[in-house]
Amino acid sequence: MQNANDMTVRLLIVDDSGENAETIVSTLRNSGIAVRPTRPQHSEELAHVLGTQPIDLVLVAAAQSIPLLQVTQQIAASGKDIPMILLAESINENEWVEAGANGIRAIALRHRPEHLLAVVRNEWTDLHARRGLRRIEAQMRETERRCDALISSSRDPIAYVHEGMHIRANEAYLEMFGYETFEDVEGISLLDMVAPQHVDGFKQLLKSMSKGDAPPPQYQVDARNQDGAVFPATMEFTQASYEGESCLQVVFRRRMEFDPELAREVEDLRQRDQVTGLLNRPTFMLHVENAVAQAGRSEGRFGLLLVEPDHYARLLPEIGLDSADALIGALARVLAQSVGDAAQVARFGEHSFAVLTEAPYAQTVALADQIRAAFAAQVFSIGERSATVTVSVGGVQVGEKIASIGQVLARATECTQAALELGNTTRVFDPAAVDRVEEERIQHWGARIRQALDGDGFQLHYQPVLNLQGEALELYEAYLRLEHNGELLSPTAFLGIAEEHGLLADINRWVVTHAIGMLAARRREGHVTHLMVKITPESFNDPQMIVTLRRELQAQGVPGEQLWLHAPEAKVFTHLRNAQQFLAAIAPLGCRIGLEQFGSGLDSFQLLAHFQPQFLKLDRDFTCDLASTREHSGKISEITARAQAANIRTIAEFVADANSMSLLFSAGVDYVQDDFVGPAGPVMDFDFS
């Protein structure tokens, strides 16, 4: 599923069994898919959901509360593109045929979680592609409309030609050739605009372009207007489309007779970046487009490289903002010297460069390494300052498998970002070895995490948690950070890889050990501090975690009640037995246990019948931007009321303003936290008084 960790699937489940529905939600979440589920109880509620909420996918079982035919009819009547997946115990031929006839796109076997996941991923991917296509089509129509308006108002004479005949021309074009309206030129051959002595040569040019040959950047002819008068002109060609038809855009310009050498110099200046002397981005992109077109026709192999200096944001203040252009110019000279005549080089962004070479993959990689090594061996002198500047190089090998501008730039950018994570390295995507870059990145991060566990690569930052009900309690939440190349990374950058390498339990033990050490340090300074720490389900069945907690609390002299541990509601639900055992094991230590993302399930309070936490952290969807989404206030009030009745504290995250804090106070929430209250930092210095 594309970007499964970064998006939320809005899922509608039609099933008589709430337990079965919760199992489905847990299965999806455990696979890394964020889910926002809805389960209507009757047809009126289904109609309300379809009319008021955006829905991505529907999972429907044979239910008595809402018959299958009624579900399909209501979804069809909504006019929305919502894929429906039938939940079945087995594949039945008649059932499948009937379901397909009613608009069901796929059948998922309920008792085979891997099949359910595969079907959901496939349907989401198809839906994502359809939505993307609709957006592109809408953007294309808007772009065509704007382009048509620009062409109409342009002072350049522009025409569109299909199979040699005019199908569109702007006012400047009509004026140049002496026509009053487009009807006068519609259907006239482009050959009629060329003086007789140039007709034969121009015919050959049109024939070559009709066979797929790239047009020349410029073509000089003597043009002829309606009255037969001849004037020197330069024609420029671009492949285009008009109203869905493939055609040729032609721009005529009157040619002034002047020094050809001067003309070449002027044209060269137009194509160059003024600071570096390299090609500018628009000119370079024309070369890239031609390379991609040639690769798509199997007429060449090209490599595109993007070059970025490492830690530029830290480097620039050291050099001085007034010397930024001098620094960029110096970088450009080293790049141009390292590449030589082997490729085309351009300034691609504010501080990034691009290289296009006609070469196979091995030579593209060699060129990337050559560029990296050239910078690593160089000392840059800018005014009175000097510095070493390393670069990261990311790239892509252009071929038939990746022959579109969007794909090429996306892959090159991904590789550049992967290279920048490591620093002073190269990453080049090869369509023949799709997983090579990702595998190397994962292996590197696995080694980096192990190094952090063995040394001091991890850090804890602390965010204050403020009590709204007047209780004098000094409470912080600990956030894990990983130091890498002088930068601090949040867990989203590495926890997925840590899970693949089986390192989450080790990370959890590192976090609680250092959290207890911090609590002990605070006690020695005279502070009674409480600290919230997030753990993952890997700790539930990790005997070493209990040993670590008991040992560190005793050794540091810290009461267990000062350590608050919490885990996501969905993870506890799907690891319930282990979570219950873990809760029983830490109870004698006095540590508090809590649930985060509470309220994200279909029936979150059902979990509290089997697992009794001391605190709940409300799901961010309820609290984020609460002041402008007050419909969530009722849900928050319901949760806090039921929590207070069970002597459970409630905590709201992502509180953005004072108005939201007031609403949460009125709803009975006990604690709030966010940058508005106080940002997370390496020291505990919040004034709780």
# chains A, B, ... in the order shown; residues from 1 in each chain; ligands from 1
call {"tool": "select_by_dssp", "arguments": {"residues": "segment 417-513 of chain A", "states": "alpha helix (DSSP H)", "output": "ChimeraX atom specification"}}
result
/A:417-422,436-454,495-500,504-513
call {"tool": "residues_around", "arguments": {"residues": "Ala515 of chain A", "least_positions_apart": "4", "cutoff": "9 Å", "atoms": "only C-alpha atoms", "output": "PDB file with N, CA, C and O atoms, in the first residue's frame"}}
result
ATOM      1  N   LEU A 460      17.191  11.438  24.969  1.00  0.00           N
ATOM      2  CA  LEU A 460      15.814  11.661  25.379  1.00  0.00           C
ATOM      3  C   LEU A 460      15.557  13.161  25.458  1.00  0.00           C
ATOM      4  O   LEU A 460      16.377  13.915  26.000  1.00  0.00           O
ATOM      5  N   ALA A 478       8.799  11.666  27.797  1.00  0.00           N
ATOM      6  CA  ALA A 478      10.115  11.459  27.188  1.00  0.00           C
ATOM      7  C   ALA A 478       9.945  11.068  25.725  1.00  0.00           C
ATOM      8  O   ALA A 478       9.131  10.198  25.397  1.00  0.00           O
ATOM      9  N   TRP A 510      16.477   0.458  26.702  1.00  0.00           N
ATOM     10  CA  TRP A 510      17.372   1.624  26.762  1.00  0.00           C
ATOM     11  C   TRP A 510      16.605   2.843  27.258  1.00  0.00           C
ATOM     12  O   TRP A 510      17.098   3.605  28.105  1.00  0.00           O
ATOM     13  N   VAL A 511      15.399   3.024  26.729  1.00  0.00           N
ATOM     14  CA  VAL A 511      14.610   4.208  27.081  1.00  0.00           C
ATOM     15  C   VAL A 511      14.243   4.202  28.568  1.00  0.00           C
ATOM     16  O   VAL A 511      14.432   5.207  29.272  1.00  0.00           O
ATOM     17  N   LEU A 519      15.086  10.449  36.325  1.00  0.00           N
ATOM     18  CA  LEU A 519      14.251  10.665  37.507  1.00  0.00           C
ATOM     19  C   LEU A 519      15.101  10.686  38.774  1.00  0.00           C
ATOM     20  O   LEU A 519      14.866  11.494  39.688  1.00  0.00           O
ATOM     21  N   ALA A 520      16.111   9.825  38.825  1.00  0.00           N
ATOM     22  CA  ALA A 520      16.997   9.797  39.991  1.00  0.00           C
ATOM     23  C   ALA A 520      17.797  11.096  40.083  1.00  0.00           C
ATOM     24  O   ALA A 520      17.983  11.661  41.179  1.00  0.00           O
ATOM     25  N   LEU A 531       7.548  10.881  34.857  1.00  0.00           N
ATOM     26  CA  LEU A 531       7.967  10.823  33.457  1.00  0.00           C
ATOM     27  C   LEU A 531       7.163   9.765  32.705  1.00  0.00           C
ATOM     28  O   LEU A 531       7.091   8.602  33.123  1.00  0.00           O
ATOM     29  N   MET A 532       6.544  10.188  31.598  1.00  0.00           N
ATOM     30  CA  MET A 532       5.818   9.258  30.723  1.00  0.00           C
ATOM     31  C   MET A 532       6.769   8.730  29.654  1.00  0.00           C
ATOM     32  O   MET A 532       7.510   9.498  29.035  1.00  0.00           O
ATOM     33  N   VAL A 533       6.707   7.426  29.436  1.00  0.00           N
ATOM     34  CA  VAL A 533       7.586   6.765  28.474  1.00  0.00           C
ATOM     35  C   VAL A 533       6.748   5.824  27.610  1.00  0.00           C
ATOM     36  O   VAL A 533       5.996   5.011  28.138  1.00  0.00           O
ATOM     37  N   LEU A 563       7.196   6.626  37.258  1.00  0.00           N
ATOM     38  CA  LEU A 563       7.387   6.191  35.869  1.00  0.00           C
ATOM     39  C   LEU A 563       6.046   5.762  35.295  1.00  0.00           C
ATOM     40  O   LEU A 563       5.414   4.828  35.785  1.00  0.00           O
TER      41      LEU A 563
END
call {"tool": "residues_around", "arguments": {"residues": "Ser90 of chain A", "least_positions_apart": "6", "cutoff": "9 Å", "atoms": "only C-alpha atoms", "output": "JSON, numbers by chain"}}
result
{"A": [108, 109, 110, 111]}
call {"tool": "atom_distance", "arguments": {"atom1": "atom CA of Gly678 of chain A", "atom2": "atom CA of Lys617 of chain A"}}
result
17.3 Å
call {"tool": "select_by_dssp", "arguments": {"residues": "segment 544-672 of chain A", "states": "strand (DSSP E or B)", "output": "ChimeraX atom specification"}}
result
/A:563-568,592-598,615-618,649-652,671-672
call {"tool": "write_last_selection", "arguments": {"atoms": "C-alpha atoms", "output": "PDB file, in the first residue's frame"}}
result
ATOM      1  CA  LEU A 563       7.387   6.191  35.869  1.00  0.00           C
ATOM      2  CA  TRP A 564       4.329   6.180  33.586  1.00  0.00           C
ATOM      3  CA  LEU A 565       4.463   3.648  30.746  1.00  0.00           C
ATOM      4  CA  HIS A 566       2.034   3.740  27.827  1.00  0.00           C
ATOM      5  CA  ALA A 567       1.363   1.878  24.570  1.00  0.00           C
ATOM      6  CA  PRO A 568      -1.105   2.393  21.686  1.00  0.00           C
ATOM      7  CA  ARG A 592       1.585   3.370  36.109  1.00  0.00           C
ATOM      8  CA  ILE A 593       0.397   2.016  32.763  1.00  0.00           C
ATOM      9  CA  GLY A 594      -1.634   3.875  30.149  1.00  0.00           C
ATOM     10  CA  LEU A 595      -3.137   3.689  26.685  1.00  0.00           C
ATOM     11  CA  GLU A 596      -2.416   6.212  23.953  1.00  0.00           C
ATOM     12  CA  GLN A 597      -4.426   6.947  20.784  1.00  0.00           C
ATOM     13  CA  PHE A 598      -7.474   6.107  22.871  1.00  0.00           C
ATOM     14  CA  PHE A 615      -4.359   6.978  32.364  1.00  0.00           C
ATOM     15  CA  LEU A 616      -5.579   7.497  28.791  1.00  0.00           C
ATOM     16  CA  LYS A 617      -4.065   9.674  26.076  1.00  0.00           C
ATOM     17  CA  LEU A 618      -6.847  10.753  23.721  1.00  0.00           C
ATOM     18  CA  ARG A 649      -6.725  10.151  34.263  1.00  0.00           C
ATOM     19  CA  THR A 650      -7.053  11.635  30.753  1.00  0.00           C
ATOM     20  CA  ILE A 651      -4.395  13.428  28.709  1.00  0.00           C
ATOM     21  CA  ALA A 652      -4.890  15.480  25.540  1.00  0.00           C
ATOM     22  CA  TYR A 671      -3.679  17.009  31.421  1.00  0.00           C
ATOM     23  CA  VAL A 672      -2.667  18.734  28.191  1.00  0.00           C
TER      24      VAL A 672
END
call {"tool": "residues_around", "arguments": {"residues": "Arg550 of chain A", "least_positions_apart": "6", "cutoff": "12 Å", "atoms": "only C-alpha atoms", "output": "MDAnalysis selection string"}}
result
chainID A and resid 509 512:513 516 543:544 556:560 563 585:591
call {"tool": "write_last_selection", "arguments": {"atoms": "all heavy atoms", "output": "short mmCIF file (atom, residue, chain, number, x, y, z; two decimals), in the first residue's frame"}}
result
data_model
loop_
_atom_site.label_atom_id
_atom_site.label_comp_id
_atom_site.auth_asym_id
_atom_site.auth_seq_id
_atom_site.Cartn_x
_atom_site.Cartn_y
_atom_site.Cartn_z
N ARG A 509 14.15 -1.05 26.45
CA ARG A 509 14.93 -1.18 27.68
C ARG A 509 15.89 0.00 27.82
O ARG A 509 16.11 0.50 28.93
CB ARG A 509 15.70 -2.50 27.69
CG ARG A 509 14.80 -3.72 27.84
CD ARG A 509 15.59 -4.95 28.24
NE ARG A 509 16.57 -5.33 27.23
CZ ARG A 509 16.33 -6.13 26.19
NH1 ARG A 509 15.11 -6.65 26.05
NH2 ARG A 509 17.27 -6.43 25.32
N VAL A 512 13.73 3.08 29.09
CA VAL A 512 13.31 3.07 30.50
C VAL A 512 14.51 3.19 31.43
O VAL A 512 14.44 3.83 32.49
CB VAL A 512 12.47 1.82 30.82
CG1 VAL A 512 11.20 1.79 30.00
CG2 VAL A 512 13.26 0.54 30.64
N THR A 513 15.64 2.59 31.04
CA THR A 513 16.85 2.70 31.87
C THR A 513 17.27 4.16 32.01
O THR A 513 17.56 4.65 33.12
CB THR A 513 17.99 1.87 31.27
OG1 THR A 513 17.62 0.49 31.24
CG2 THR A 513 19.27 2.04 32.07
N ILE A 516 14.67 6.29 34.02
CA ILE A 516 14.80 6.12 35.48
C ILE A 516 16.04 6.86 35.98
O ILE A 516 16.03 7.47 37.05
CB ILE A 516 14.86 4.62 35.82
CG1 ILE A 516 13.50 3.96 35.50
CG2 ILE A 516 15.20 4.42 37.29
CD1 ILE A 516 13.52 2.44 35.60
N PRO A 543 10.96 -10.76 29.11
CA PRO A 543 11.29 -10.89 30.55
C PRO A 543 12.36 -9.91 31.00
O PRO A 543 12.37 -9.48 32.16
CB PRO A 543 11.77 -12.35 30.66
CG PRO A 543 11.24 -13.04 29.45
CD PRO A 543 11.20 -12.01 28.37
N GLN A 544 13.25 -9.55 30.08
CA GLN A 544 14.32 -8.63 30.46
C GLN A 544 13.80 -7.24 30.80
O GLN A 544 14.44 -6.50 31.55
CB GLN A 544 15.35 -8.54 29.32
CG GLN A 544 16.17 -9.79 29.13
CD GLN A 544 16.96 -10.14 30.38
OE1 GLN A 544 17.61 -9.27 30.98
NE2 GLN A 544 16.89 -11.39 30.80
N GLN A 556 18.43 2.95 41.60
CA GLN A 556 18.41 4.41 41.55
C GLN A 556 17.59 5.03 42.68
O GLN A 556 17.56 6.25 42.85
CB GLN A 556 17.85 4.89 40.20
CG GLN A 556 18.64 4.43 38.99
CD GLN A 556 19.93 5.21 38.81
OE1 GLN A 556 20.24 6.12 39.59
NE2 GLN A 556 20.69 4.87 37.79
N GLY A 557 16.87 4.17 43.42
CA GLY A 557 16.05 4.69 44.51
C GLY A 557 14.87 5.51 44.05
O GLY A 557 14.50 6.50 44.69
N VAL A 558 14.28 5.13 42.93
CA VAL A 558 13.15 5.86 42.35
C VAL A 558 11.86 5.09 42.61
O VAL A 558 11.77 3.90 42.24
CB VAL A 558 13.34 6.06 40.84
CG1 VAL A 558 12.10 6.69 40.22
CG2 VAL A 558 14.56 6.93 40.57
N PRO A 559 10.86 5.70 43.22
CA PRO A 559 9.56 5.02 43.38
C PRO A 559 8.94 4.73 42.01
O PRO A 559 8.97 5.58 41.11
CB PRO A 559 8.73 6.03 44.17
CG PRO A 559 9.72 6.94 44.81
CD PRO A 559 10.87 7.02 43.87
N GLY A 560 8.35 3.55 41.87
CA GLY A 560 7.77 3.16 40.59
C GLY A 560 6.67 4.08 40.11
O GLY A 560 6.47 4.25 38.90
N LEU A 563 7.20 6.63 37.26
CA LEU A 563 7.39 6.19 35.87
C LEU A 563 6.05 5.76 35.30
O LEU A 563 5.41 4.83 35.79
CB LEU A 563 8.38 5.03 35.81
CG LEU A 563 8.74 4.54 34.40
CD1 LEU A 563 9.49 5.62 33.63
CD2 LEU A 563 9.58 3.27 34.48
N ALA A 585 2.73 -7.98 36.05
CA ALA A 585 4.12 -8.08 36.48
C ALA A 585 4.66 -6.77 37.03
O ALA A 585 5.48 -6.75 37.96
CB ALA A 585 4.99 -8.56 35.32
N ILE A 586 4.22 -5.64 36.46
CA ILE A 586 4.77 -4.35 36.92
C ILE A 586 3.95 -3.74 38.05
O ILE A 586 4.38 -2.77 38.66
CB ILE A 586 4.87 -3.34 35.76
CG1 ILE A 586 3.49 -2.91 35.26
CG2 ILE A 586 5.73 -3.88 34.63
CD1 ILE A 586 3.54 -1.72 34.33
N ALA A 587 2.77 -4.33 38.33
CA ALA A 587 1.93 -3.77 39.39
C ALA A 587 2.67 -3.70 40.73
O ALA A 587 2.60 -2.67 41.43
CB ALA A 587 0.65 -4.59 39.52
N PRO A 588 3.43 -4.74 41.12
CA PRO A 588 4.16 -4.65 42.40
C PRO A 588 5.22 -3.56 42.41
O PRO A 588 5.63 -3.11 43.48
CB PRO A 588 4.80 -6.04 42.54
CG PRO A 588 3.98 -6.93 41.68
CD PRO A 588 3.56 -6.08 40.53
N LEU A 589 5.68 -3.15 41.24
CA LEU A 589 6.71 -2.11 41.17
C LEU A 589 6.13 -0.71 41.35
O LEU A 589 6.87 0.25 41.58
CB LEU A 589 7.45 -2.18 39.83
CG LEU A 589 8.12 -3.52 39.49
CD1 LEU A 589 8.76 -3.45 38.10
CD2 LEU A 589 9.15 -3.89 40.54
N GLY A 590 4.81 -0.58 41.18
CA GLY A 590 4.16 0.71 41.35
C GLY A 590 4.10 1.56 40.09
O GLY A 590 3.55 2.67 40.12
N CYS A 591 4.66 1.08 38.98
CA CYS A 591 4.64 1.87 37.74
C CYS A 591 3.21 2.01 37.23
O CYS A 591 2.41 1.07 37.30
CB CYS A 591 5.50 1.20 36.67
SG CYS A 591 7.23 1.04 37.10
#
call {"tool": "residues_around", "arguments": {"residues": "segment 214-225 of chain A", "least_positions_apart": "2", "cutoff": "9 Å", "atoms": "only C-alpha atoms", "output": "PyMOL selection string"}}
result
chain A and resi 176-179+192-198+202+205-206+208-209+212+227-239+252+254-255+290+293-294
call {"tool": "atom_distance", "arguments": {"atom1": "atom CA of Gln417 of chain A", "atom2": "atom CA of Gln370 of chain A"}}
result
19.0 Å
call {"tool": "residues_around", "arguments": {"residues": "segment 479-494 of chain A", "least_positions_apart": "3", "cutoff": "8 Å", "atoms": "only C-alpha atoms", "output": "short mmCIF file (atom, residue, chain, number, x, y, z; two decimals) with all heavy atoms, in the first residue's frame"}}
result
data_model
loop_
_atom_site.label_atom_id
_atom_site.label_comp_id
_atom_site.auth_asym_id
_atom_site.auth_seq_id
_atom_site.Cartn_x
_atom_site.Cartn_y
_atom_site.Cartn_z
N GLU A 421 21.02 11.26 4.00
CA GLU A 421 20.89 10.69 5.34
C GLU A 421 22.23 10.15 5.83
O GLU A 421 22.55 10.24 7.01
CB GLU A 421 19.85 9.57 5.33
CG GLU A 421 18.41 10.05 5.24
CD GLU A 421 17.44 8.89 5.31
OE1 GLU A 421 17.90 7.75 5.56
OE2 GLU A 421 16.23 9.10 5.12
N LEU A 422 22.99 9.56 4.91
CA LEU A 422 24.29 8.99 5.26
C LEU A 422 25.38 10.05 5.21
O LEU A 422 26.29 10.06 6.03
CB LEU A 422 24.63 7.84 4.32
CG LEU A 422 23.60 6.71 4.23
CD1 LEU A 422 24.07 5.64 3.25
CD2 LEU A 422 23.37 6.09 5.60
N GLY A 423 25.32 10.94 4.23
CA GLY A 423 26.33 11.98 4.06
C GLY A 423 27.57 11.48 3.34
O GLY A 423 28.04 10.35 3.57
N TRP A 445 20.98 1.41 8.43
CA TRP A 445 20.24 1.89 9.59
C TRP A 445 20.21 0.84 10.69
O TRP A 445 20.24 1.19 11.88
CB TRP A 445 18.83 2.30 9.19
CG TRP A 445 18.78 3.70 8.70
CD1 TRP A 445 18.62 4.12 7.41
CD2 TRP A 445 18.92 4.88 9.47
NE1 TRP A 445 18.67 5.48 7.34
CE2 TRP A 445 18.84 5.99 8.59
CE3 TRP A 445 19.13 5.12 10.83
CZ2 TRP A 445 18.95 7.29 9.02
CZ3 TRP A 445 19.23 6.43 11.26
CH2 TRP A 445 19.13 7.50 10.36
N ILE A 449 21.53 1.77 14.40
CA ILE A 449 20.72 1.62 15.62
C ILE A 449 21.48 0.80 16.65
O ILE A 449 21.48 1.11 17.85
CB ILE A 449 19.36 1.00 15.28
CG1 ILE A 449 18.53 1.97 14.43
CG2 ILE A 449 18.60 0.64 16.55
CD1 ILE A 449 17.29 1.34 13.82
N ALA A 452 23.98 2.93 18.25
CA ALA A 452 23.38 3.86 19.21
C ALA A 452 23.06 3.16 20.53
O ALA A 452 23.21 3.74 21.61
CB ALA A 452 22.11 4.46 18.61
N GLY A 457 24.37 7.14 21.09
CA GLY A 457 23.74 7.74 19.92
C GLY A 457 22.30 8.17 20.14
O GLY A 457 21.79 9.04 19.44
N PHE A 458 21.62 7.54 21.13
CA PHE A 458 20.24 7.92 21.44
C PHE A 458 20.24 9.05 22.47
O PHE A 458 21.13 9.16 23.30
CB PHE A 458 19.46 6.73 22.00
CG PHE A 458 19.01 5.75 20.95
CD1 PHE A 458 19.28 4.39 21.10
CD2 PHE A 458 18.32 6.16 19.83
CE1 PHE A 458 18.87 3.48 20.15
CE2 PHE A 458 17.90 5.26 18.87
CZ PHE A 458 18.18 3.91 19.04
N GLN A 459 19.19 9.86 22.41
CA GLN A 459 18.96 10.90 23.40
C GLN A 459 17.49 10.90 23.78
O GLN A 459 16.64 10.43 23.03
CB GLN A 459 19.32 12.29 22.86
CG GLN A 459 20.77 12.50 22.51
CD GLN A 459 21.02 13.93 22.02
OE1 GLN A 459 20.24 14.84 22.30
NE2 GLN A 459 22.11 14.11 21.29
N LEU A 460 17.19 11.44 24.97
CA LEU A 460 15.81 11.66 25.38
C LEU A 460 15.56 13.16 25.46
O LEU A 460 16.38 13.91 26.00
CB LEU A 460 15.53 11.02 26.74
CG LEU A 460 15.50 9.48 26.79
CD1 LEU A 460 15.17 9.01 28.20
CD2 LEU A 460 14.50 8.91 25.80
N HIS A 461 14.44 13.58 24.89
CA HIS A 461 13.97 14.95 25.04
C HIS A 461 12.68 14.90 25.86
O HIS A 461 11.97 13.89 25.86
CB HIS A 461 13.74 15.60 23.68
CG HIS A 461 15.00 16.08 23.04
ND1 HIS A 461 15.03 17.06 22.08
CD2 HIS A 461 16.30 15.73 23.23
CE1 HIS A 461 16.27 17.29 21.70
NE2 HIS A 461 17.06 16.48 22.38
N TYR A 462 12.39 16.00 26.52
CA TYR A 462 11.30 15.99 27.50
C TYR A 462 10.33 17.13 27.22
O TYR A 462 10.73 18.29 27.08
CB TYR A 462 11.88 16.12 28.91
CG TYR A 462 12.99 15.14 29.19
CD1 TYR A 462 14.33 15.52 29.01
CD2 TYR A 462 12.71 13.84 29.58
CE1 TYR A 462 15.35 14.62 29.24
CE2 TYR A 462 13.72 12.93 29.81
CZ TYR A 462 15.06 13.32 29.63
OH TYR A 462 16.05 12.42 29.85
N GLN A 463 9.03 16.79 27.16
CA GLN A 463 7.99 17.79 26.95
C GLN A 463 7.11 17.88 28.18
O GLN A 463 6.65 16.85 28.70
CB GLN A 463 7.13 17.44 25.73
CG GLN A 463 6.08 18.50 25.41
CD GLN A 463 5.31 18.18 24.14
OE1 GLN A 463 4.66 17.15 24.05
NE2 GLN A 463 5.40 19.07 23.16
N ILE A 497 12.59 0.19 10.68
CA ILE A 497 13.75 -0.65 10.41
C ILE A 497 14.16 -1.38 11.69
O ILE A 497 14.57 -2.55 11.64
CB ILE A 497 14.90 0.23 9.87
CG1 ILE A 497 14.49 0.83 8.53
CG2 ILE A 497 16.19 -0.58 9.72
CD1 ILE A 497 15.48 1.83 7.97
N ALA A 498 14.07 -0.71 12.84
CA ALA A 498 14.38 -1.38 14.10
C ALA A 498 13.48 -2.58 14.32
O ALA A 498 13.93 -3.64 14.80
CB ALA A 498 14.24 -0.39 15.26
N VAL A 511 15.40 3.02 26.73
CA VAL A 511 14.61 4.21 27.08
C VAL A 511 14.24 4.20 28.57
O VAL A 511 14.43 5.21 29.27
CB VAL A 511 13.35 4.30 26.21
CG1 VAL A 511 12.42 5.39 26.71
CG2 VAL A 511 13.71 4.56 24.76
N VAL A 533 6.71 7.43 29.44
CA VAL A 533 7.59 6.76 28.47
C VAL A 533 6.75 5.82 27.61
O VAL A 533 6.00 5.01 28.14
CB VAL A 533 8.70 5.97 29.19
CG1 VAL A 533 9.51 5.17 28.17
CG2 VAL A 533 9.61 6.90 29.96
N ALA A 680 9.33 20.14 23.41
CA ALA A 680 10.24 19.12 23.91
C ALA A 680 11.67 19.59 23.75
O ALA A 680 12.03 20.20 22.74
CB ALA A 680 10.02 17.80 23.16
#
call {"tool": "atom_distance", "arguments": {"atom1": "atom CA of Ala584 of chain A", "atom2": "atom CA of Ala643 of chain A"}}
result
20.6 Å
